[in-house]
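Just below is one structure, and these are the notes that go with it.
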Number of protein chains: 2
Amino acid sequence: MPDAESRFREYLSAKGLGATDQRLAILDEVMSLHRHFEADDVHARLRQKSHRISPATIFRTLALLVESGIVQKNPCEQMVGRYEHVFGHQHHDHLVCLACGRIIEFRNGPIERWQQKVAEEHDFQMAGHHLIIRGYCSRCR
Amino acid sequence: MPDAESRFREYLSAKGLGATDQRLAILDEVMSLHRHFEADDVHARLRQKSHRISPATIFRTLALLVESGIVQKNPCEQMVGRYEHVFGHQHHDHLVCLACGRIIEFRNGPIERWQQKVAEEHDFQMAGHHLIIRGYCSRCR
DNA sequence: ATCGCTATTGAGAATCACTTGCAACACGAT
DNA sequence: ATCGTGTTGCAAGTGATTCTCAATAGCGAT
């Protein structure tokens with residue numbers, strides 16, 4: 001498996017973009033963070049190492065890393081700030097169409113049961129869950 | 001089953017809060033929206049009916065509706081603005097602790113397979129998915 | 001009816017997390 | 001050296017939400 005840096009360099013040159021010091025420093029930092037992080041975490045850690053990279057550059061580079069598939073952003077973006085009334089409704093999960101934004105609701109017993117099992121395995125007291133399947137709906141595929 | 005309004009009134013009086021016109025108008029609007037919505041949708045629709053309710057009140061009331069369990073907010077809030085590097089990692093899902101914010105990763109084959117099945121049932125081309133189980137971890141429960 | 005108290009509201013300022021505009025700069029090609 | 005495009009930092013702009021605060025409403029006590 002090639003390392004992340006080669007892959008990023010490849011992606012950048014394929015796009016005609018430069019592998020600048022800032023971009024590589026950010027990649028480095030990102031790969032050294034072994035849990036979920038926010039843009040600001042990267043900024044703070046780089047600052048500690050006396051790199052002077054502006055937040056704007058962090059955001060711009062993270063976007064490149066996401067595009068190149070090295071980094072994944074919170075995958076429920078389209079649900080942010082959304083509500084739904086649940087009163088009188090049964091629990092359900094969602095299929096979200098990446099093309100038209102349509103949201104389809106569904107219910108599936110076996111998945112629910114397996115989730116309970118996973119929670120138990122991790123000694124985790126489940127309070128709720130949310131499953132989002134992203135893709136393309138019948139109208140858009 | 002009691003209607004949503006009774007339930008909301010009950011919740012409000014239990015909390016010593018008033019069932020004001022604004023709150024009831026917002027509840028009404030929310031219950032008439034049969035898909036996911038944002039605070040601004042409620043505001044726009046109320047404005048059309050020439051209710052003059054400020055956005056601040058909409059947000060305040062939505063918070064009450066969430067607390068009372070009538071409305072559910074996007075359940076991946078804690079993941080917003082978070083990234084993780086995925087290069088060289090296998091796909092996994094997340095357990096999120098509501099108390100300490102800890103995020104535990106897990107993989108589960110049967111769930112993955114059932115998801116594929118659900119997508120097929122809805123003639124949906126799956127591009128990815130994300131499953132979040134919320135609850136309390138072993139340290140916090 | 002009037003008073004006094006707390007709850008509630010609207011307006012606008014503040015905040016937070018990004019994003020964008022822009023001028024300065026870097027660097028390979030000419 | 002010059003040009004041209006790509007990059008960056010700074011600072012201003014955004015959009016969604018939250019906060020502050022003064023005005024108002026509602027309700028029980030007088």
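A note on labels: chains of the structure tokens are A, B, ... as shown, every chain counts residues from 1, and ligands are counted from 1 in their shown order.
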Could you produce a table of the residues of region 46-126 of chain A lying within 9 Å of region 3-18 of chain D, with the nearest pair of atoms per residue and their separation in Å rounded to one decimal, using only C-alpha atoms (C1' of nucleotides), ordered by chain and increasing residue number, as CSV?
```
residue,atom,partner,partner_atom,distance
A:Ile53,CA,D:DG9,C1',8.1
A:Ser54,CA,D:DG9,C1',6.2
A:Ala56,CA,D:DG9,C1',8.1
A:Thr57,CA,D:DT8,C1',7.2
A:Gly81,CA,D:DA16,C1',8.3
```
**Request:** At a cut-off of 12 Å, list the chain B residues touching chain C, using only C-alpha atoms (C1' of nucleotides), as a list of chain:residue names.
**Result:** B:Lys15, B:Gly16, B:Leu17, B:Gly18, B:Ala19, B:Thr20, B:Asp21, B:Gln22, B:Arg23, B:Arg52, B:Ile53, B:Ser54, B:Pro55, B:Ala56, B:Thr57, B:Ile58, B:Arg60, B:Thr61, B:Val80, B:Gly81, B:Arg82
Hey, can you spit out that residue selection with N, CA, C and O atoms as a CSV table (one decimal), in the first residue's frame?
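Saved file part04.csv follows:
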```csv
chain,number,residue,atom,x,y,z
B,15,LYS,N,-43.6,21.6,33.3
B,15,LYS,CA,-42.3,22.4,33.5
B,15,LYS,C,-42.7,23.8,34.0
B,15,LYS,O,-41.8,24.7,34.1
B,16,GLY,N,-43.9,24.1,34.2
B,16,GLY,CA,-44.3,25.4,34.7
B,16,GLY,C,-44.2,26.5,33.6
B,16,GLY,O,-44.0,27.7,33.9
B,17,LEU,N,-44.3,26.0,32.4
B,17,LEU,CA,-44.2,27.0,31.3
B,17,LEU,C,-45.6,27.2,30.6
B,17,LEU,O,-46.5,26.4,30.8
B,18,GLY,N,-45.8,28.3,30.0
B,18,GLY,CA,-47.1,28.6,29.4
B,18,GLY,C,-47.3,28.1,28.1
B,18,GLY,O,-46.4,28.0,27.3
B,19,ALA,N,-48.5,27.8,27.8
B,19,ALA,CA,-48.9,27.3,26.4
B,19,ALA,C,-49.3,28.5,25.6
B,19,ALA,O,-50.5,28.8,25.4
B,20,THR,N,-48.3,29.3,25.1
B,20,THR,CA,-48.6,30.6,24.5
B,20,THR,C,-49.1,30.3,23.0
B,20,THR,O,-48.9,29.3,22.5
B,21,ASP,N,-49.7,31.4,22.5
B,21,ASP,CA,-50.1,31.3,21.1
B,21,ASP,C,-49.0,30.9,20.1
B,21,ASP,O,-49.1,30.1,19.3
B,22,GLN,N,-47.8,31.6,20.4
B,22,GLN,CA,-46.7,31.3,19.5
B,22,GLN,C,-46.3,29.9,19.6
B,22,GLN,O,-46.1,29.2,18.5
B,23,ARG,N,-46.2,29.3,20.8
B,23,ARG,CA,-45.7,27.9,20.9
B,23,ARG,C,-46.7,27.0,20.2
B,23,ARG,O,-46.3,26.1,19.6
B,52,ARG,N,-46.5,36.6,13.0
B,52,ARG,CA,-45.2,37.4,13.1
B,52,ARG,C,-44.4,36.8,14.3
B,52,ARG,O,-44.5,37.4,15.4
B,53,ILE,N,-43.8,35.7,14.1
B,53,ILE,CA,-43.1,35.1,15.1
B,53,ILE,C,-41.6,35.1,14.8
B,53,ILE,O,-41.2,34.8,13.7
B,54,SER,N,-40.8,35.6,15.7
B,54,SER,CA,-39.4,35.9,15.4
B,54,SER,C,-38.6,34.5,15.4
B,54,SER,O,-39.0,33.6,16.0
B,55,PRO,N,-37.5,34.5,14.6
B,55,PRO,CA,-36.7,33.3,14.5
B,55,PRO,C,-36.2,32.8,15.9
B,55,PRO,O,-36.2,31.6,16.2
B,56,ALA,N,-35.9,33.8,16.7
B,56,ALA,CA,-35.5,33.4,18.1
B,56,ALA,C,-36.5,32.5,18.8
B,56,ALA,O,-36.2,31.5,19.4
B,57,THR,N,-37.7,32.9,18.6
B,57,THR,CA,-38.8,32.1,19.3
B,57,THR,C,-39.0,30.8,18.6
B,57,THR,O,-39.3,29.8,19.3
B,58,ILE,N,-38.8,30.7,17.3
B,58,ILE,CA,-38.9,29.4,16.6
B,58,ILE,C,-37.8,28.5,17.2
B,58,ILE,O,-38.1,27.4,17.6
B,60,ARG,N,-36.3,28.7,20.1
B,60,ARG,CA,-36.6,28.4,21.5
B,60,ARG,C,-37.6,27.3,21.6
B,60,ARG,O,-37.5,26.4,22.4
B,61,THR,N,-38.7,27.4,20.7
B,61,THR,CA,-39.8,26.5,20.8
B,61,THR,C,-39.4,25.1,20.3
B,61,THR,O,-39.8,24.1,20.8
B,80,VAL,N,-20.8,16.9,13.7
B,80,VAL,CA,-20.7,18.0,12.8
B,80,VAL,C,-19.3,18.6,12.9
B,80,VAL,O,-18.8,18.9,13.9
B,81,GLY,N,-18.8,18.9,11.7
B,81,GLY,CA,-17.5,19.6,11.7
B,81,GLY,C,-16.3,18.7,12.0
B,81,GLY,O,-15.2,19.1,12.2
B,82,ARG,N,-16.6,17.4,12.2
B,82,ARG,CA,-15.6,16.4,12.5
B,82,ARG,C,-15.0,15.7,11.3
B,82,ARG,O,-15.8,15.5,10.3
```
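For the atom pair formed by CA of His34 (chain A) and CA of Gln116 (chain A), the distance is 26.3 Å, given to one decimal.
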**Request:** Mind checking which residues fall within 9 Å of Asn108 (chain A), counting only C-alpha atoms (C1' of nucleotides), ignoring those fewer than 6 positions away in the same chain, and posting them as a PyMOL selection string?
**Result:** (chain A and resi 92-93) or (chain B and resi 114-115+118)
**Request:** Counting only C-alpha atoms, collect the residues of chain B whose closest atom lies at most 8 Å from chain A, and write them out as a PyMOL selection string.
**Result:** chain B and resi 1+4+30-31+34-39+69-77+79-88+95+103+108+110-111+114-115+118-119+122-138+141
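Of note, CA of Glu67 (chain A) and CA of Cys100 (chain A) are spaced 20.3 Å apart.
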**Item:** Those of region 56-122 of chain B in DSSP alpha helix (DSSP H), formatted as a PyMOL selection string
**Value:** chain B and resi 56-67+109-121
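The spacing separating CA of His43 (chain B) from CA of Gln90 (chain A) amounts to 26.3 Å.
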**Request:** Based on DSSP run over this structure's backbone, return all residues of chain B in strand (DSSP E or B), as an MDAnalysis selection string.
**Result:** chainID B and resid 37:38 71:73 82:85 93:97 103:106 125:136
